[in-house]
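The structure file structure10.pdb is reproduced below (PDB, C-alpha atoms and all ligand atoms).
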```
ATOM      1  CA  MET A   1     -54.775  42.857 -58.938  1.00  0.00           C
ATOM      2  CA  GLU A   2     -54.600  41.914 -62.573  1.00  0.00           C
ATOM      3  CA  LYS A   3     -52.076  43.673 -64.727  1.00  0.00           C
ATOM      4  CA  ILE A   4     -52.149  43.621 -68.502  1.00  0.00           C
ATOM      5  CA  VAL A   5     -49.009  44.627 -70.373  1.00  0.00           C
ATOM      6  CA  ILE A   6     -49.562  45.291 -74.074  1.00  0.00           C
ATOM      7  CA  LEU A   7     -46.804  45.667 -76.658  1.00  0.00           C
ATOM      8  CA  THR A   8     -47.883  47.219 -79.949  1.00  0.00           C
ATOM      9  CA  GLY A   9     -45.984  47.413 -83.217  1.00  0.00           C
ATOM     10  CA  ALA A  10     -46.390  48.646 -86.756  1.00  0.00           C
ATOM     11  CA  GLY A  11     -49.350  46.319 -87.422  1.00  0.00           C
ATOM     12  CA  ILE A  12     -51.671  48.440 -85.275  1.00  0.00           C
ATOM     13  CA  SER A  13     -50.853  51.602 -87.252  1.00  0.00           C
ATOM     14  CA  ALA A  14     -50.832  49.942 -90.682  1.00  0.00           C
ATOM     15  CA  GLU A  15     -54.610  50.268 -91.063  1.00  0.00           C
ATOM     16  CA  SER A  16     -54.227  53.988 -90.334  1.00  0.00           C
ATOM     17  CA  GLY A  17     -52.036  54.196 -93.430  1.00  0.00           C
ATOM     18  CA  LEU A  18     -48.622  54.365 -91.805  1.00  0.00           C
ATOM     19  CA  GLY A  19     -46.195  52.052 -93.590  1.00  0.00           C
ATOM     20  CA  THR A  20     -43.085  50.443 -92.184  1.00  0.00           C
ATOM     21  CA  PHE A  21     -39.623  49.656 -93.429  1.00  0.00           C
ATOM     22  CA  ARG A  22     -40.854  46.198 -94.417  1.00  0.00           C
ATOM     23  CA  ASP A  23     -43.538  47.499 -96.787  1.00  0.00           C
ATOM     24  CA  GLU A  24     -43.039  47.820-100.488  1.00  0.00           C
ATOM     25  CA  GLY A  25     -43.820  51.239-101.876  1.00  0.00           C
ATOM     26  CA  GLY A  26     -44.217  54.281 -99.654  1.00  0.00           C
ATOM     27  CA  LEU A  27     -41.712  56.417 -97.830  1.00  0.00           C
ATOM     28  CA  TRP A  28     -39.356  53.728 -96.606  1.00  0.00           C
ATOM     29  CA  ALA A  29     -38.970  52.096-100.015  1.00  0.00           C
ATOM     30  CA  GLN A  30     -37.198  55.199-101.320  1.00  0.00           C
ATOM     31  CA  HIS A  31     -34.377  54.861 -98.788  1.00  0.00           C
ATOM     32  CA  ARG A  32     -32.031  52.336 -97.286  1.00  0.00           C
ATOM     33  CA  ILE A  33     -32.497  51.743 -93.559  1.00  0.00           C
ATOM     34  CA  GLU A  34     -28.762  52.314 -93.030  1.00  0.00           C
ATOM     35  CA  ASP A  35     -29.097  55.805 -94.506  1.00  0.00           C
ATOM     36  CA  VAL A  36     -32.143  57.092 -92.619  1.00  0.00           C
ATOM     37  CA  ALA A  37     -32.516  55.039 -89.448  1.00  0.00           C
ATOM     38  CA  THR A  38     -29.049  54.567 -87.964  1.00  0.00           C
ATOM     39  CA  PRO A  39     -26.707  56.916 -86.059  1.00  0.00           C
ATOM     40  CA  GLU A  40     -24.084  56.338 -88.760  1.00  0.00           C
ATOM     41  CA  GLY A  41     -26.522  57.434 -91.468  1.00  0.00           C
ATOM     42  CA  PHE A  42     -27.290  60.614 -89.526  1.00  0.00           C
ATOM     43  CA  ALA A  43     -23.581  61.339 -89.095  1.00  0.00           C
ATOM     44  CA  ARG A  44     -23.041  60.886 -92.856  1.00  0.00           C
ATOM     45  CA  ASP A  45     -25.980  62.909 -94.151  1.00  0.00           C
ATOM     46  CA  PRO A  46     -28.054  64.666 -91.478  1.00  0.00           C
ATOM     47  CA  ALA A  47     -29.972  66.683 -94.103  1.00  0.00           C
ATOM     48  CA  LEU A  48     -31.292  63.487 -95.723  1.00  0.00           C
ATOM     49  CA  VAL A  49     -32.316  62.075 -92.338  1.00  0.00           C
ATOM     50  CA  HIS A  50     -34.108  65.296 -91.369  1.00  0.00           C
ATOM     51  CA  ARG A  51     -35.939  65.324 -94.726  1.00  0.00           C
ATOM     52  CA  PHE A  52     -37.024  61.719 -94.183  1.00  0.00           C
ATOM     53  CA  TYR A  53     -38.355  62.387 -90.672  1.00  0.00           C
ATOM     54  CA  ASN A  54     -39.981  65.662 -91.761  1.00  0.00           C
ATOM     55  CA  ALA A  55     -41.911  63.612 -94.351  1.00  0.00           C
ATOM     56  CA  ARG A  56     -42.805  60.968 -91.746  1.00  0.00           C
ATOM     57  CA  ARG A  57     -44.059  63.726 -89.435  1.00  0.00           C
ATOM     58  CA  VAL A  58     -46.304  65.075 -92.204  1.00  0.00           C
ATOM     59  CA  GLN A  59     -47.622  61.565 -92.917  1.00  0.00           C
ATOM     60  CA  ALA A  60     -48.215  60.818 -89.212  1.00  0.00           C
ATOM     61  CA  ALA A  61     -50.008  64.118 -88.677  1.00  0.00           C
ATOM     62  CA  LYS A  62     -52.519  63.143 -91.387  1.00  0.00           C
ATOM     63  CA  ALA A  63     -53.100  59.639 -90.006  1.00  0.00           C
ATOM     64  CA  LYS A  64     -56.117  58.962 -87.823  1.00  0.00           C
ATOM     65  CA  SER A  65     -56.237  56.471 -84.993  1.00  0.00           C
ATOM     66  CA  ASN A  66     -58.323  53.386 -85.735  1.00  0.00           C
ATOM     67  CA  ALA A  67     -60.687  51.014 -83.919  1.00  0.00           C
ATOM     68  CA  ALA A  68     -57.767  49.052 -82.445  1.00  0.00           C
ATOM     69  CA  HIS A  69     -56.258  52.150 -80.811  1.00  0.00           C
ATOM     70  CA  ALA A  70     -59.693  53.132 -79.485  1.00  0.00           C
ATOM     71  CA  ALA A  71     -60.300  49.647 -78.077  1.00  0.00           C
ATOM     72  CA  LEU A  72     -57.027  49.701 -76.120  1.00  0.00           C
ATOM     73  CA  ALA A  73     -57.898  53.139 -74.713  1.00  0.00           C
ATOM     74  CA  ARG A  74     -61.270  51.709 -73.640  1.00  0.00           C
ATOM     75  CA  LEU A  75     -59.505  48.775 -71.993  1.00  0.00           C
ATOM     76  CA  GLN A  76     -57.217  51.170 -70.116  1.00  0.00           C
ATOM     77  CA  MET A  77     -60.226  53.140 -68.926  1.00  0.00           C
ATOM     78  CA  ASP A  78     -62.611  50.316 -67.996  1.00  0.00           C
ATOM     79  CA  PHE A  79     -60.495  47.309 -66.974  1.00  0.00           C
ATOM     80  CA  PRO A  80     -60.608  46.706 -63.217  1.00  0.00           C
ATOM     81  CA  GLY A  81     -56.832  46.427 -62.995  1.00  0.00           C
ATOM     82  CA  GLU A  82     -53.757  48.034 -64.498  1.00  0.00           C
ATOM     83  CA  VAL A  83     -53.246  48.283 -68.262  1.00  0.00           C
ATOM     84  CA  VAL A  84     -49.791  49.297 -69.491  1.00  0.00           C
ATOM     85  CA  ILE A  85     -49.312  50.116 -73.167  1.00  0.00           C
ATOM     86  CA  VAL A  86     -45.774  49.839 -74.546  1.00  0.00           C
ATOM     87  CA  THR A  87     -45.374  50.743 -78.208  1.00  0.00           C
ATOM     88  CA  GLN A  88     -42.623  50.385 -80.762  1.00  0.00           C
ATOM     89  CA  ASN A  89     -44.410  52.971 -82.878  1.00  0.00           C
ATOM     90  CA  VAL A  90     -43.157  56.548 -83.118  1.00  0.00           C
ATOM     91  CA  ASP A  91     -46.591  57.906 -84.135  1.00  0.00           C
ATOM     92  CA  SER A  92     -49.038  59.321 -81.559  1.00  0.00           C
ATOM     93  CA  LEU A  93     -52.077  57.278 -82.619  1.00  0.00           C
ATOM     94  CA  HIS A  94     -52.513  55.595 -79.214  1.00  0.00           C
ATOM     95  CA  GLU A  95     -52.737  59.044 -77.656  1.00  0.00           C
ATOM     96  CA  SER A  96     -55.111  60.417 -80.300  1.00  0.00           C
ATOM     97  CA  GLY A  97     -57.194  57.260 -79.783  1.00  0.00           C
ATOM     98  CA  GLY A  98     -57.564  58.207 -76.114  1.00  0.00           C
ATOM     99  CA  ALA A  99     -54.843  56.167 -74.383  1.00  0.00           C
ATOM    100  CA  GLU A 100     -52.832  57.595 -71.500  1.00  0.00           C
ATOM    101  CA  HIS A 101     -49.320  56.923 -70.225  1.00  0.00           C
ATOM    102  CA  VAL A 102     -48.096  55.213 -73.383  1.00  0.00           C
ATOM    103  CA  ILE A 103     -44.486  54.034 -73.126  1.00  0.00           C
ATOM    104  CA  HIS A 104     -42.752  54.898 -76.412  1.00  0.00           C
ATOM    105  CA  MET A 105     -39.792  52.530 -76.316  1.00  0.00           C
ATOM    106  CA  HIS A 106     -38.580  53.706 -79.736  1.00  0.00           C
ATOM    107  CA  GLY A 107     -39.162  57.394 -79.075  1.00  0.00           C
ATOM    108  CA  THR A 108     -41.592  59.616 -80.924  1.00  0.00           C
ATOM    109  CA  LEU A 109     -41.797  61.722 -84.062  1.00  0.00           C
ATOM    110  CA  ALA A 110     -43.162  64.511 -81.860  1.00  0.00           C
ATOM    111  CA  GLY A 111     -39.837  64.862 -80.067  1.00  0.00           C
ATOM    112  CA  ALA A 112     -36.411  66.363 -80.711  1.00  0.00           C
ATOM    113  CA  PHE A 113     -33.281  65.260 -78.873  1.00  0.00           C
ATOM    114  CA  CYS A 114     -29.844  66.795 -78.279  1.00  0.00           C
ATOM    115  CA  PRO A 115     -27.153  64.114 -78.069  1.00  0.00           C
ATOM    116  CA  ALA A 116     -24.697  66.699 -76.686  1.00  0.00           C
ATOM    117  CA  CYS A 117     -26.615  67.358 -73.444  1.00  0.00           C
ATOM    118  CA  ASN A 118     -29.520  64.827 -73.533  1.00  0.00           C
ATOM    119  CA  HIS A 119     -32.108  67.609 -73.593  1.00  0.00           C
ATOM    120  CA  ARG A 120     -35.494  66.686 -75.131  1.00  0.00           C
ATOM    121  CA  TRP A 121     -38.125  69.074 -76.468  1.00  0.00           C
ATOM    122  CA  ALA A 122     -41.187  69.110 -78.723  1.00  0.00           C
ATOM    123  CA  SER A 123     -40.023  68.818 -82.294  1.00  0.00           C
ATOM    124  CA  PRO A 124     -40.997  71.537 -84.774  1.00  0.00           C
ATOM    125  CA  PRO A 125     -42.897  70.090 -87.760  1.00  0.00           C
ATOM    126  CA  GLU A 126     -39.725  70.548 -89.797  1.00  0.00           C
ATOM    127  CA  MET A 127     -36.269  69.990 -88.371  1.00  0.00           C
ATOM    128  CA  ALA A 128     -33.163  71.188 -90.195  1.00  0.00           C
ATOM    129  CA  VAL A 129     -29.429  70.661 -89.908  1.00  0.00           C
ATOM    130  CA  GLY A 130     -27.726  73.142 -87.605  1.00  0.00           C
ATOM    131  CA  GLU A 131     -30.741  74.054 -85.490  1.00  0.00           C
ATOM    132  CA  PRO A 132     -29.393  74.881 -82.038  1.00  0.00           C
ATOM    133  CA  CYS A 133     -30.463  72.899 -78.958  1.00  0.00           C
ATOM    134  CA  PRO A 134     -32.590  75.217 -76.772  1.00  0.00           C
ATOM    135  CA  ALA A 135     -30.667  74.077 -73.686  1.00  0.00           C
ATOM    136  CA  CYS A 136     -26.984  74.010 -74.695  1.00  0.00           C
ATOM    137  CA  GLY A 137     -26.871  75.559 -78.162  1.00  0.00           C
ATOM    138  CA  ALA A 138     -25.188  72.560 -79.834  1.00  0.00           C
ATOM    139  CA  ALA A 139     -26.178  72.277 -83.484  1.00  0.00           C
ATOM    140  CA  THR A 140     -26.624  68.505 -83.412  1.00  0.00           C
ATOM    141  CA  ALA A 141     -30.373  68.204 -82.762  1.00  0.00           C
ATOM    142  CA  ARG A 142     -31.964  64.996 -84.060  1.00  0.00           C
ATOM    143  CA  PRO A 143     -35.381  63.366 -84.049  1.00  0.00           C
ATOM    144  CA  ASP A 144     -36.062  61.727 -80.673  1.00  0.00           C
ATOM    145  CA  VAL A 145     -36.451  58.285 -82.193  1.00  0.00           C
ATOM    146  CA  VAL A 146     -34.451  55.159 -81.447  1.00  0.00           C
ATOM    147  CA  TRP A 147     -32.508  54.035 -84.503  1.00  0.00           C
ATOM    148  CA  PHE A 148     -31.252  50.591 -85.430  1.00  0.00           C
ATOM    149  CA  GLY A 149     -28.263  49.762 -83.265  1.00  0.00           C
ATOM    150  CA  GLU A 150     -29.418  52.024 -80.413  1.00  0.00           C
ATOM    151  CA  MET A 151     -30.827  50.947 -77.043  1.00  0.00           C
ATOM    152  CA  PRO A 152     -34.600  51.435 -76.723  1.00  0.00           C
ATOM    153  CA  TYR A 153     -35.909  53.743 -74.003  1.00  0.00           C
ATOM    154  CA  TYR A 154     -37.496  52.838 -70.655  1.00  0.00           C
ATOM    155  CA  MET A 155     -36.225  49.240 -70.642  1.00  0.00           C
ATOM    156  CA  ASP A 156     -35.958  49.052 -66.831  1.00  0.00           C
ATOM    157  CA  ALA A 157     -39.530  50.245 -66.401  1.00  0.00           C
ATOM    158  CA  ILE A 158     -40.762  47.837 -69.080  1.00  0.00           C
ATOM    159  CA  TYR A 159     -39.061  44.828 -67.464  1.00  0.00           C
ATOM    160  CA  ASP A 160     -40.541  45.851 -64.101  1.00  0.00           C
ATOM    161  CA  HIS A 161     -44.005  45.908 -65.682  1.00  0.00           C
ATOM    162  CA  LEU A 162     -43.437  42.522 -67.338  1.00  0.00           C
ATOM    163  CA  ALA A 163     -42.374  41.025 -63.992  1.00  0.00           C
ATOM    164  CA  GLU A 164     -45.785  41.991 -62.570  1.00  0.00           C
ATOM    165  CA  ALA A 165     -47.886  41.088 -65.605  1.00  0.00           C
ATOM    166  CA  THR A 166     -50.745  38.606 -65.322  1.00  0.00           C
ATOM    167  CA  LEU A 167     -51.479  38.917 -69.054  1.00  0.00           C
ATOM    168  CA  PHE A 168     -49.111  39.948 -71.831  1.00  0.00           C
ATOM    169  CA  ALA A 169     -50.345  40.770 -75.322  1.00  0.00           C
ATOM    170  CA  ALA A 170     -48.264  41.543 -78.411  1.00  0.00           C
ATOM    171  CA  ILE A 171     -50.286  43.312 -81.095  1.00  0.00           C
ATOM    172  CA  GLY A 172     -49.061  43.848 -84.645  1.00  0.00           C
ATOM    173  CA  THR A 173     -45.409  43.143 -83.936  1.00  0.00           C
ATOM    174  CA  SER A 174     -43.112  41.222 -86.251  1.00  0.00           C
ATOM    175  CA  GLY A 175     -41.306  39.415 -83.446  1.00  0.00           C
ATOM    176  CA  GLN A 176     -38.048  40.166 -85.250  1.00  0.00           C
ATOM    177  CA  VAL A 177     -36.841  43.284 -83.449  1.00  0.00           C
ATOM    178  CA  TYR A 178     -35.033  42.716 -80.150  1.00  0.00           C
ATOM    179  CA  PRO A 179     -35.316  43.331 -77.262  1.00  0.00           C
ATOM    180  CA  ALA A 180     -39.104  43.595 -77.776  1.00  0.00           C
ATOM    181  CA  ALA A 181     -39.211  40.115 -79.307  1.00  0.00           C
ATOM    182  CA  ALA A 182     -38.038  38.696 -75.973  1.00  0.00           C
ATOM    183  CA  PHE A 183     -40.778  40.338 -73.878  1.00  0.00           C
ATOM    184  CA  VAL A 184     -42.980  37.254 -74.245  1.00  0.00           C
ATOM    185  CA  HIS A 185     -40.322  35.145 -72.508  1.00  0.00           C
ATOM    186  CA  GLU A 186     -40.063  37.661 -69.657  1.00  0.00           C
ATOM    187  CA  ALA A 187     -43.829  37.571 -69.274  1.00  0.00           C
ATOM    188  CA  LEU A 188     -43.966  33.768 -69.331  1.00  0.00           C
ATOM    189  CA  GLN A 189     -41.289  33.650 -66.622  1.00  0.00           C
ATOM    190  CA  SER A 190     -43.488  35.926 -64.514  1.00  0.00           C
ATOM    191  CA  GLY A 191     -46.342  33.437 -64.904  1.00  0.00           C
ATOM    192  CA  ALA A 192     -48.379  35.656 -67.218  1.00  0.00           C
ATOM    193  CA  ARG A 193     -50.736  34.298 -69.826  1.00  0.00           C
ATOM    194  CA  THR A 194     -49.560  35.413 -73.269  1.00  0.00           C
ATOM    195  CA  VAL A 195     -51.471  36.247 -76.427  1.00  0.00           C
ATOM    196  CA  GLU A 196     -50.423  37.447 -79.851  1.00  0.00           C
ATOM    197  CA  LEU A 197     -52.812  39.410 -82.091  1.00  0.00           C
ATOM    198  CA  ASN A 198     -51.459  39.721 -85.591  1.00  0.00           C
ATOM    199  CA  LEU A 199     -52.330  39.719 -89.264  1.00  0.00           C
ATOM    200  CA  GLU A 200     -50.188  36.630 -89.723  1.00  0.00           C
ATOM    201  CA  PRO A 201     -48.214  34.645 -87.153  1.00  0.00           C
ATOM    202  CA  SER A 202     -45.001  36.426 -86.115  1.00  0.00           C
ATOM    203  CA  THR A 203     -41.681  34.603 -86.069  1.00  0.00           C
ATOM    204  CA  GLY A 204     -42.179  34.193 -82.314  1.00  0.00           C
ATOM    205  CA  ALA A 205     -45.823  33.097 -82.433  1.00  0.00           C
ATOM    206  CA  SER A 206     -45.086  29.617 -81.070  1.00  0.00           C
ATOM    207  CA  SER A 207     -43.980  31.172 -77.764  1.00  0.00           C
ATOM    208  CA  PHE A 208     -47.475  32.515 -77.046  1.00  0.00           C
ATOM    209  CA  ASP A 209     -50.280  30.650 -75.231  1.00  0.00           C
ATOM    210  CA  GLU A 210     -52.782  31.976 -77.750  1.00  0.00           C
ATOM    211  CA  VAL A 211     -52.561  33.502 -81.244  1.00  0.00           C
ATOM    212  CA  ILE A 212     -55.453  35.495 -82.714  1.00  0.00           C
ATOM    213  CA  LEU A 213     -55.094  36.215 -86.430  1.00  0.00           C
ATOM    214  CA  GLY A 214     -56.747  38.983 -88.440  1.00  0.00           C
ATOM    215  CA  PRO A 215     -56.683  42.747 -89.001  1.00  0.00           C
ATOM    216  CA  ALA A 216     -56.075  44.665 -85.762  1.00  0.00           C
ATOM    217  CA  THR A 217     -59.212  46.790 -86.245  1.00  0.00           C
ATOM    218  CA  GLU A 218     -61.270  43.574 -85.988  1.00  0.00           C
ATOM    219  CA  THR A 219     -59.321  41.366 -83.584  1.00  0.00           C
ATOM    220  CA  VAL A 220     -58.402  43.986 -80.976  1.00  0.00           C
ATOM    221  CA  PRO A 221     -61.918  45.353 -80.308  1.00  0.00           C
ATOM    222  CA  SER A 222     -63.360  41.849 -79.929  1.00  0.00           C
ATOM    223  CA  TRP A 223     -60.452  40.758 -77.698  1.00  0.00           C
ATOM    224  CA  VAL A 224     -61.053  43.842 -75.520  1.00  0.00           C
ATOM    225  CA  ASP A 225     -64.791  43.089 -75.396  1.00  0.00           C
ATOM    226  CA  GLY A 226     -63.923  39.647 -74.050  1.00  0.00           C
ATOM    227  CA  LEU A 227     -61.661  41.065 -71.348  1.00  0.00           C
ATOM    228  CA  LEU A 228     -64.290  43.588 -70.257  1.00  0.00           C
ATOM    229  CA  SER A 229     -67.291  41.246 -70.251  1.00  0.00           C
ATOM    230  CA  PRO A 230     -68.230  39.931 -66.809  1.00  0.00           C
ATOM    231  CA  ARG A 231     -66.702  36.549 -66.038  1.00  0.00           C
TER     232      ARG A 231
HETATM  233 ZN    ZN B   1     -28.181  70.331 -75.907  1.00  0.00          ZN
END
```
Spell out the structure here as structure tokens.
Amino acid sequence: MEKIVILTGAGISAESGLGTFRDEGGLWAQHRIEDVATPEGFARDPALVHRFYNARRVQAAKAKSNAAHAALARLQMDFPGEVVIVTQNVDSLHESGGAEHVIHMHGTLAGAFCPACNHRWASPPEMAVGEPCPACGAATARPDVVWFGEMPYYMDAIYDHLAEATLFAAIGTSGQVYPAAAFVHEALQSGARTVELNLEPSTGASSFDEVILGPATETVPSWVDGLLSPR
């Protein structure tokens, strides 16, 4: 059976209006990464970090999934094999585009996490300092997102999927954030064909068998059409 493993990054959400820490202007430009996206930053000023993620939650709630998200959901539904979607994105646009079983390796804006007891729950739209964990009462609740310097989630499951992949695709990823940047090498070792779909070549583009350049809302639907057309 064929198995497609897809890694998506910020590039697939960019056309839905969600910026990243590399963009100029927007939410990220008003802050330093060290202040709002590291455990040390949260320890220093949790109120600032909560404000930042509250604003990201508002922004993400307004964003609509685009043609690239919809195409991947269609692939998951119609491909006569397994399609695994792994995303670095903390938005829920794959899900609102119709995808199922999305692996959020960097967590999700929709979640809250208690580092004292590892309990996870649905985040309120606004989190504040001192809110007690519903399980243990500790007042250290944080957004359930993986920050710089922290280990991404579900790595064992992801490596198991990569070991079984017959096709690996990286969509809208910079190729600069590890361990995701190394997934292509795992897939190649498993004998998978590899393809990158990106606005411009990533730093790791030369590792891929094929590179398709252009906006995700154009390249992803036509790539999916090709995979679904009878061979
Ligand atoms: Zn707790």
For this session: On this file, the PyMOL selection byres (((not hetatm)) within 6 of (chain B and resi 1)) gives some set of residues; write that set as JSON, numbers by chain.
Result: {"A": [114, 116, 117, 119, 133, 135, 136, 137, 138]}
Contact residues around region 59-69 of chain A with only C-alpha atoms at 8 Å, ignoring same-chain residues under 3 positions, as an mmCIF file with C-alpha atoms, in the frame of the given file:
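Final output, out.cif:
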```cif
data_model
loop_
_atom_site.group_PDB
_atom_site.id
_atom_site.type_symbol
_atom_site.label_atom_id
_atom_site.label_comp_id
_atom_site.auth_asym_id
_atom_site.auth_seq_id
_atom_site.Cartn_x
_atom_site.Cartn_y
_atom_site.Cartn_z
ATOM 1 C CA ILE A 12 -51.671 48.440 -85.275
ATOM 2 C CA SER A 13 -50.853 51.602 -87.252
ATOM 3 C CA GLU A 15 -54.610 50.268 -91.063
ATOM 4 C CA SER A 16 -54.227 53.988 -90.334
ATOM 5 C CA GLY A 17 -52.036 54.196 -93.430
ATOM 6 C CA LEU A 18 -48.622 54.365 -91.805
ATOM 7 C CA ALA A 55 -41.911 63.612 -94.351
ATOM 8 C CA ARG A 56 -42.805 60.968 -91.746
ATOM 9 C CA LEU A 72 -57.027 49.701 -76.120
ATOM 10 C CA ALA A 73 -57.898 53.139 -74.713
ATOM 11 C CA ASP A 91 -46.591 57.906 -84.135
ATOM 12 C CA SER A 92 -49.038 59.321 -81.559
ATOM 13 C CA LEU A 93 -52.077 57.278 -82.619
ATOM 14 C CA HIS A 94 -52.513 55.595 -79.214
ATOM 15 C CA SER A 96 -55.111 60.417 -80.300
ATOM 16 C CA GLY A 97 -57.194 57.260 -79.783
ATOM 17 C CA GLY A 98 -57.564 58.207 -76.114
ATOM 18 C CA ALA A 99 -54.843 56.167 -74.383
ATOM 19 C CA ALA A 216 -56.075 44.665 -85.762
ATOM 20 C CA THR A 217 -59.212 46.790 -86.245
ATOM 21 C CA GLU A 218 -61.270 43.574 -85.988
ATOM 22 C CA THR A 219 -59.321 41.366 -83.584
ATOM 23 C CA VAL A 220 -58.402 43.986 -80.976
ATOM 24 C CA PRO A 221 -61.918 45.353 -80.308
#
```
Long-range neighbours of Gln88 (chain A) as a PDB file with C-alpha atoms, in the frame of the given file, 9 Å cut-off, only C-alpha atoms, 3 positions minimum in chain:
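As written to disk, selection.pdb reads:
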```pdb
ATOM      1  CA  LEU A   7     -46.804  45.667 -76.658  1.00  0.00           C
ATOM      2  CA  THR A   8     -47.883  47.219 -79.949  1.00  0.00           C
ATOM      3  CA  GLY A   9     -45.984  47.413 -83.217  1.00  0.00           C
ATOM      4  CA  ALA A  10     -46.390  48.646 -86.756  1.00  0.00           C
ATOM      5  CA  ILE A 103     -44.486  54.034 -73.126  1.00  0.00           C
ATOM      6  CA  HIS A 104     -42.752  54.898 -76.412  1.00  0.00           C
ATOM      7  CA  MET A 105     -39.792  52.530 -76.316  1.00  0.00           C
ATOM      8  CA  HIS A 106     -38.580  53.706 -79.736  1.00  0.00           C
ATOM      9  CA  GLY A 107     -39.162  57.394 -79.075  1.00  0.00           C
ATOM     10  CA  THR A 173     -45.409  43.143 -83.936  1.00  0.00           C
ATOM     11  CA  ALA A 180     -39.104  43.595 -77.776  1.00  0.00           C
TER      12      ALA A 180
END
```
For this session: Excluding Leu228 (chain A) and any residue of its chain fewer than 2 positions from it, enumerate the residues within 8 Å of it, using all atoms listed in the file, and give them as number ranges by chain.
Result: A: 75, 78-79, 224-226, 230
For this session: I need the residue set behind the PyMOL selection byres (((chain A and resi 179) around 12) and not hetatm) for this file; please write it as a ChimeraX atom specification.
Result: /A:7,88,105-106,148-156,158-159,175-178,180-186
Problem set entry | Length of the CA of Ala187 (chain A) to CA of Val5 (chain A) vector [Å] | 8.8 Å
Problem set entry | Residues selected by the PyMOL selection byres (((chain A and resi 210) around 7) and not hetatm), written as a VMD selection string | chain A and resid 194 to 196 208 to 209 211 to 212
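Here CA of Ser207 (chain A) is placed at a distance of 13.9 Å from CA of Leu167 (chain A).
The shortest atom-to-atom distance to Ala169 (chain A), with only C-alpha atoms taken into account, belongs to A:Val86 out of A:Ala71, A:Ala139, A:Leu27, A:Val86.
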